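Shown next: input.cif, containing mmCIF, C-alpha atoms.
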```cif
data_query
#
loop_
_atom_site.group_PDB
_atom_site.id
_atom_site.type_symbol
_atom_site.label_atom_id
_atom_site.label_comp_id
_atom_site.auth_asym_id
_atom_site.auth_seq_id
_atom_site.Cartn_x
_atom_site.Cartn_y
_atom_site.Cartn_z
ATOM 1 C CA MET A 46 -32.515 82.034 -12.017
ATOM 2 C CA ALA A 47 -29.908 80.096 -10.047
ATOM 3 C CA ASP A 48 -26.387 79.733 -11.411
ATOM 4 C CA ALA A 49 -25.888 76.161 -12.671
ATOM 5 C CA SER A 50 -22.177 76.224 -11.846
ATOM 6 C CA TYR A 51 -22.776 75.808 -8.110
ATOM 7 C CA PRO A 52 -24.615 73.048 -6.221
ATOM 8 C CA SER A 53 -27.970 73.968 -4.792
ATOM 9 C CA PRO A 54 -28.078 74.901 -1.095
ATOM 10 C CA ARG A 55 -30.435 71.941 -0.581
ATOM 11 C CA LEU A 56 -27.777 69.499 -1.822
ATOM 12 C CA THR A 57 -25.076 71.138 0.274
ATOM 13 C CA ARG A 58 -27.253 71.095 3.386
ATOM 14 C CA ARG A 59 -28.123 67.425 2.858
ATOM 15 C CA PHE A 60 -24.432 66.570 2.480
ATOM 16 C CA LEU A 61 -23.549 68.429 5.692
ATOM 17 C CA VAL A 62 -26.352 66.700 7.606
ATOM 18 C CA GLN A 63 -25.123 63.322 6.403
ATOM 19 C CA MET A 64 -21.558 64.149 7.387
ATOM 20 C CA THR A 65 -22.441 65.444 10.858
ATOM 21 C CA SER A 66 -24.958 62.724 11.658
ATOM 22 C CA ARG A 67 -22.200 60.094 11.635
ATOM 23 C CA SER A 68 -19.925 61.902 14.057
ATOM 24 C CA PRO A 69 -19.381 60.182 17.413
ATOM 25 C CA THR A 70 -21.241 61.430 20.442
ATOM 26 C CA PRO A 71 -19.183 63.334 23.036
ATOM 27 C CA ASN A 72 -19.246 60.316 25.369
ATOM 28 C CA ASN A 73 -17.859 58.021 22.661
ATOM 29 C CA ALA A 74 -15.223 60.589 21.696
ATOM 30 C CA GLN A 75 -14.054 60.899 25.302
ATOM 31 C CA ARG A 76 -13.655 57.141 25.656
ATOM 32 C CA GLY A 77 -11.782 56.929 22.372
ATOM 33 C CA THR A 78 -14.192 54.472 20.759
ATOM 34 C CA LEU A 79 -15.135 54.618 17.125
ATOM 35 C CA PRO A 80 -18.646 54.306 15.745
ATOM 36 C CA SER A 81 -19.567 50.711 14.980
ATOM 37 C CA LYS A 82 -19.269 51.237 11.205
ATOM 38 C CA ALA A 83 -16.129 53.322 10.733
ATOM 39 C CA LEU A 84 -15.260 53.589 7.033
ATOM 40 C CA PRO A 85 -12.109 54.866 5.411
ATOM 41 C CA PRO A 86 -12.712 58.322 3.887
ATOM 42 C CA ALA A 87 -12.461 57.091 0.285
ATOM 43 C CA GLN A 88 -15.023 54.352 0.897
ATOM 44 C CA ALA A 89 -17.364 56.760 2.673
ATOM 45 C CA LEU A 90 -17.184 59.142 -0.298
ATOM 46 C CA ALA A 91 -17.817 56.290 -2.744
ATOM 47 C CA GLU A 92 -20.905 55.196 -0.814
ATOM 48 C CA ALA A 93 -22.195 58.763 -0.580
ATOM 49 C CA TRP A 94 -21.716 59.125 -4.354
ATOM 50 C CA LYS A 95 -23.818 55.992 -4.930
ATOM 51 C CA ARG A 96 -26.650 57.511 -2.871
ATOM 52 C CA GLU A 97 -26.706 60.692 -4.998
ATOM 53 C CA SER A 98 -29.403 60.962 -7.641
ATOM 54 C CA LYS A 99 -28.436 60.734 -11.317
ATOM 55 C CA GLN A 100 -29.275 64.442 -11.753
ATOM 56 C CA SER A 101 -27.057 65.371 -8.826
ATOM 57 C CA GLN A 102 -24.181 63.250 -10.148
ATOM 58 C CA GLU A 103 -24.506 64.914 -13.555
ATOM 59 C CA LEU A 104 -24.505 68.363 -11.912
ATOM 60 C CA TRP A 105 -21.282 67.545 -10.007
ATOM 61 C CA ARG A 106 -19.673 66.224 -13.219
ATOM 62 C CA ARG A 107 -20.526 69.491 -15.020
ATOM 63 C CA ILE A 108 -19.146 71.538 -12.126
ATOM 64 C CA ASP A 109 -15.912 69.519 -12.130
ATOM 65 C CA ALA A 110 -15.554 69.955 -15.914
ATOM 66 C CA ASN A 111 -16.055 73.733 -15.580
ATOM 67 C CA VAL A 112 -13.465 73.990 -12.817
ATOM 68 C CA LYS A 113 -10.997 71.951 -14.861
ATOM 69 C CA LEU A 114 -11.494 74.203 -17.896
ATOM 70 C CA ARG A 115 -11.005 77.363 -15.835
ATOM 71 C CA TYR A 116 -7.921 75.934 -14.121
ATOM 72 C CA LEU A 117 -6.265 74.798 -17.338
ATOM 73 C CA ALA A 118 -7.180 77.894 -19.391
ATOM 74 C CA PRO A 119 -4.201 80.109 -20.249
ATOM 75 C CA ARG A 120 -4.118 83.342 -18.320
ATOM 76 C CA LYS A 121 -4.247 86.674 -20.105
ATOM 77 C CA ARG A 122 -1.148 88.788 -19.749
ATOM 78 C CA GLU A 123 -1.458 92.214 -18.236
ATOM 79 C CA SER A 124 -1.019 94.778 -20.993
ATOM 80 C CA ARG A 125 0.364 97.469 -18.704
ATOM 81 C CA SER A 126 3.673 97.383 -16.916
ATOM 82 C CA LYS A 127 3.977 97.021 -13.163
ATOM 83 C CA MET A 128 5.933 100.214 -12.790
#
```

Starting from the coordinates I provided, produce the structure as structure tokens.
Amino acid sequence: MADASYPSPRLTRRFLVQMTSRSPTPNNAQRGTLPSKALPPAQALAEAWKRESKQSQELWRRIDANVKLRYLAPRKRESRSKM
């Protein structure tokens, strides 16, 4: 059974395809032109989030909550000395 704490490879692959499909072609990059619909990064992320399914959004929210809990959890002290 897959671990629910990580996104599925299918979701990750789809995200990477979406990200790379909007990159400028080498000819456009050499001329210094931007794609016709250049968005600020925050707006691009917001639009990508809107395209995600409700299940996918819920999965990402659970992952974020887990990471937050692990980050904020107090660390256990080492019982042995360093010497």

Exercise. What gap, in Å, lies between CA of Gln88 (chain A) and CA of Leu104 (chain A)?
Worked result: 21.2 Å

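The space between CA of Arg96 (chain A) and CA of Leu114 (chain A) spans 27.1 Å.
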
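The two atoms in question, CA of Arg106 (chain A) and CA of Lys82 (chain A), are spaced 28.7 Å apart.
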
How would region 87-98 of chain A look with all heavy atoms restored, written as a PDB file, in the coordinates of the input?
```pdb
ATOM      1  N   ALA A  87     -12.187  57.359   1.701  1.00  0.00           N
ATOM      2  CA  ALA A  87     -12.461  57.091   0.285  1.00  0.00           C
ATOM      3  C   ALA A  87     -13.701  56.212   0.124  1.00  0.00           C
ATOM      4  O   ALA A  87     -14.521  56.439  -0.772  1.00  0.00           O
ATOM      5  CB  ALA A  87     -11.259  56.425  -0.368  1.00  0.00           C
ATOM      6  N   GLN A  88     -13.854  55.236   0.984  1.00  0.00           N
ATOM      7  CA  GLN A  88     -15.023  54.352   0.897  1.00  0.00           C
ATOM      8  C   GLN A  88     -16.295  55.109   1.278  1.00  0.00           C
ATOM      9  O   GLN A  88     -17.353  54.910   0.668  1.00  0.00           O
ATOM     10  CB  GLN A  88     -14.836  53.135   1.784  1.00  0.00           C
ATOM     11  CG  GLN A  88     -15.917  52.090   1.584  1.00  0.00           C
ATOM     12  CD  GLN A  88     -15.660  50.835   2.401  1.00  0.00           C
ATOM     13  OE1 GLN A  88     -14.632  50.718   3.051  1.00  0.00           O
ATOM     14  NE2 GLN A  88     -16.600  49.919   2.371  1.00  0.00           N
ATOM     15  N   ALA A  89     -16.206  55.969   2.270  1.00  0.00           N
ATOM     16  CA  ALA A  89     -17.364  56.760   2.673  1.00  0.00           C
ATOM     17  C   ALA A  89     -17.807  57.681   1.535  1.00  0.00           C
ATOM     18  O   ALA A  89     -19.009  57.824   1.274  1.00  0.00           O
ATOM     19  CB  ALA A  89     -17.034  57.575   3.917  1.00  0.00           C
ATOM     20  N   LEU A  90     -16.848  58.292   0.845  1.00  0.00           N
ATOM     21  CA  LEU A  90     -17.184  59.142  -0.298  1.00  0.00           C
ATOM     22  C   LEU A  90     -17.809  58.327  -1.425  1.00  0.00           C
ATOM     23  O   LEU A  90     -18.768  58.763  -2.061  1.00  0.00           O
ATOM     24  CB  LEU A  90     -15.942  59.873  -0.812  1.00  0.00           C
ATOM     25  CG  LEU A  90     -15.447  61.017   0.057  1.00  0.00           C
ATOM     26  CD1 LEU A  90     -14.116  61.531  -0.459  1.00  0.00           C
ATOM     27  CD2 LEU A  90     -16.461  62.130   0.081  1.00  0.00           C
ATOM     28  N   ALA A  91     -17.271  57.142  -1.681  1.00  0.00           N
ATOM     29  CA  ALA A  91     -17.817  56.290  -2.744  1.00  0.00           C
ATOM     30  C   ALA A  91     -19.257  55.893  -2.429  1.00  0.00           C
ATOM     31  O   ALA A  91     -20.124  55.916  -3.316  1.00  0.00           O
ATOM     32  CB  ALA A  91     -16.946  55.048  -2.916  1.00  0.00           C
ATOM     33  N   GLU A  92     -19.541  55.560  -1.189  1.00  0.00           N
ATOM     34  CA  GLU A  92     -20.905  55.196  -0.814  1.00  0.00           C
ATOM     35  C   GLU A  92     -21.848  56.393  -0.884  1.00  0.00           C
ATOM     36  O   GLU A  92     -22.991  56.261  -1.305  1.00  0.00           O
ATOM     37  CB  GLU A  92     -20.921  54.570   0.575  1.00  0.00           C
ATOM     38  CG  GLU A  92     -20.333  53.178   0.578  1.00  0.00           C
ATOM     39  CD  GLU A  92     -20.489  52.473   1.917  1.00  0.00           C
ATOM     40  OE1 GLU A  92     -21.254  52.959   2.768  1.00  0.00           O
ATOM     41  OE2 GLU A  92     -19.847  51.429   2.075  1.00  0.00           O
ATOM     42  N   ALA A  93     -21.371  57.556  -0.485  1.00  0.00           N
ATOM     43  CA  ALA A  93     -22.195  58.763  -0.580  1.00  0.00           C
ATOM     44  C   ALA A  93     -22.495  59.075  -2.044  1.00  0.00           C
ATOM     45  O   ALA A  93     -23.602  59.498  -2.379  1.00  0.00           O
ATOM     46  CB  ALA A  93     -21.491  59.939   0.093  1.00  0.00           C
ATOM     47  N   TRP A  94     -21.525  58.870  -2.920  1.00  0.00           N
ATOM     48  CA  TRP A  94     -21.716  59.125  -4.354  1.00  0.00           C
ATOM     49  C   TRP A  94     -22.796  58.193  -4.910  1.00  0.00           C
ATOM     50  O   TRP A  94     -23.631  58.606  -5.714  1.00  0.00           O
ATOM     51  CB  TRP A  94     -20.396  58.935  -5.088  1.00  0.00           C
ATOM     52  CG  TRP A  94     -20.492  59.180  -6.563  1.00  0.00           C
ATOM     53  CD1 TRP A  94     -20.469  58.252  -7.552  1.00  0.00           C
ATOM     54  CD2 TRP A  94     -20.617  60.447  -7.222  1.00  0.00           C
ATOM     55  NE1 TRP A  94     -20.571  58.855  -8.771  1.00  0.00           N
ATOM     56  CE2 TRP A  94     -20.664  60.197  -8.608  1.00  0.00           C
ATOM     57  CE3 TRP A  94     -20.702  61.758  -6.758  1.00  0.00           C
ATOM     58  CZ2 TRP A  94     -20.790  61.219  -9.542  1.00  0.00           C
ATOM     59  CZ3 TRP A  94     -20.828  62.774  -7.697  1.00  0.00           C
ATOM     60  CH2 TRP A  94     -20.867  62.510  -9.061  1.00  0.00           C
ATOM     61  N   LYS A  95     -22.812  56.950  -4.461  1.00  0.00           N
ATOM     62  CA  LYS A  95     -23.818  55.992  -4.930  1.00  0.00           C
ATOM     63  C   LYS A  95     -25.227  56.411  -4.503  1.00  0.00           C
ATOM     64  O   LYS A  95     -26.200  56.130  -5.203  1.00  0.00           O
ATOM     65  CB  LYS A  95     -23.532  54.596  -4.376  1.00  0.00           C
ATOM     66  CG  LYS A  95     -22.317  53.938  -4.975  1.00  0.00           C
ATOM     67  CD  LYS A  95     -22.087  52.587  -4.302  1.00  0.00           C
ATOM     68  CE  LYS A  95     -20.729  52.025  -4.636  1.00  0.00           C
ATOM     69  NZ  LYS A  95     -20.440  50.804  -3.876  1.00  0.00           N
ATOM     70  N   ARG A  96     -25.334  57.079  -3.358  1.00  0.00           N
ATOM     71  CA  ARG A  96     -26.650  57.511  -2.871  1.00  0.00           C
ATOM     72  C   ARG A  96     -27.166  58.756  -3.587  1.00  0.00           C
ATOM     73  O   ARG A  96     -28.341  59.074  -3.487  1.00  0.00           O
ATOM     74  CB  ARG A  96     -26.588  57.777  -1.367  1.00  0.00           C
ATOM     75  CG  ARG A  96     -26.466  56.519  -0.536  1.00  0.00           C
ATOM     76  CD  ARG A  96     -26.649  56.801   0.945  1.00  0.00           C
ATOM     77  NE  ARG A  96     -25.736  57.796   1.469  1.00  0.00           N
ATOM     78  CZ  ARG A  96     -24.569  57.535   2.037  1.00  0.00           C
ATOM     79  NH1 ARG A  96     -24.174  56.291   2.164  1.00  0.00           N
ATOM     80  NH2 ARG A  96     -23.811  58.504   2.499  1.00  0.00           N
ATOM     81  N   GLU A  97     -26.289  59.487  -4.274  1.00  0.00           N
ATOM     82  CA  GLU A  97     -26.706  60.692  -4.998  1.00  0.00           C
ATOM     83  C   GLU A  97     -27.604  60.319  -6.171  1.00  0.00           C
ATOM     84  O   GLU A  97     -27.426  59.281  -6.800  1.00  0.00           O
ATOM     85  CB  GLU A  97     -25.487  61.458  -5.529  1.00  0.00           C
ATOM     86  CG  GLU A  97     -24.680  62.161  -4.472  1.00  0.00           C
ATOM     87  CD  GLU A  97     -25.390  63.360  -3.880  1.00  0.00           C
ATOM     88  OE1 GLU A  97     -26.213  63.993  -4.569  1.00  0.00           O
ATOM     89  OE2 GLU A  97     -25.120  63.664  -2.718  1.00  0.00           O
ATOM     90  N   SER A  98     -28.538  61.193  -6.492  1.00  0.00           N
ATOM     91  CA  SER A  98     -29.403  60.962  -7.641  1.00  0.00           C
ATOM     92  C   SER A  98     -28.587  61.135  -8.925  1.00  0.00           C
ATOM     93  O   SER A  98     -27.519  61.742  -8.932  1.00  0.00           O
ATOM     94  CB  SER A  98     -30.566  61.949  -7.631  1.00  0.00           C
ATOM     95  OG  SER A  98     -30.085  63.261  -7.856  1.00  0.00           O
TER      96      SER A  98
END
```
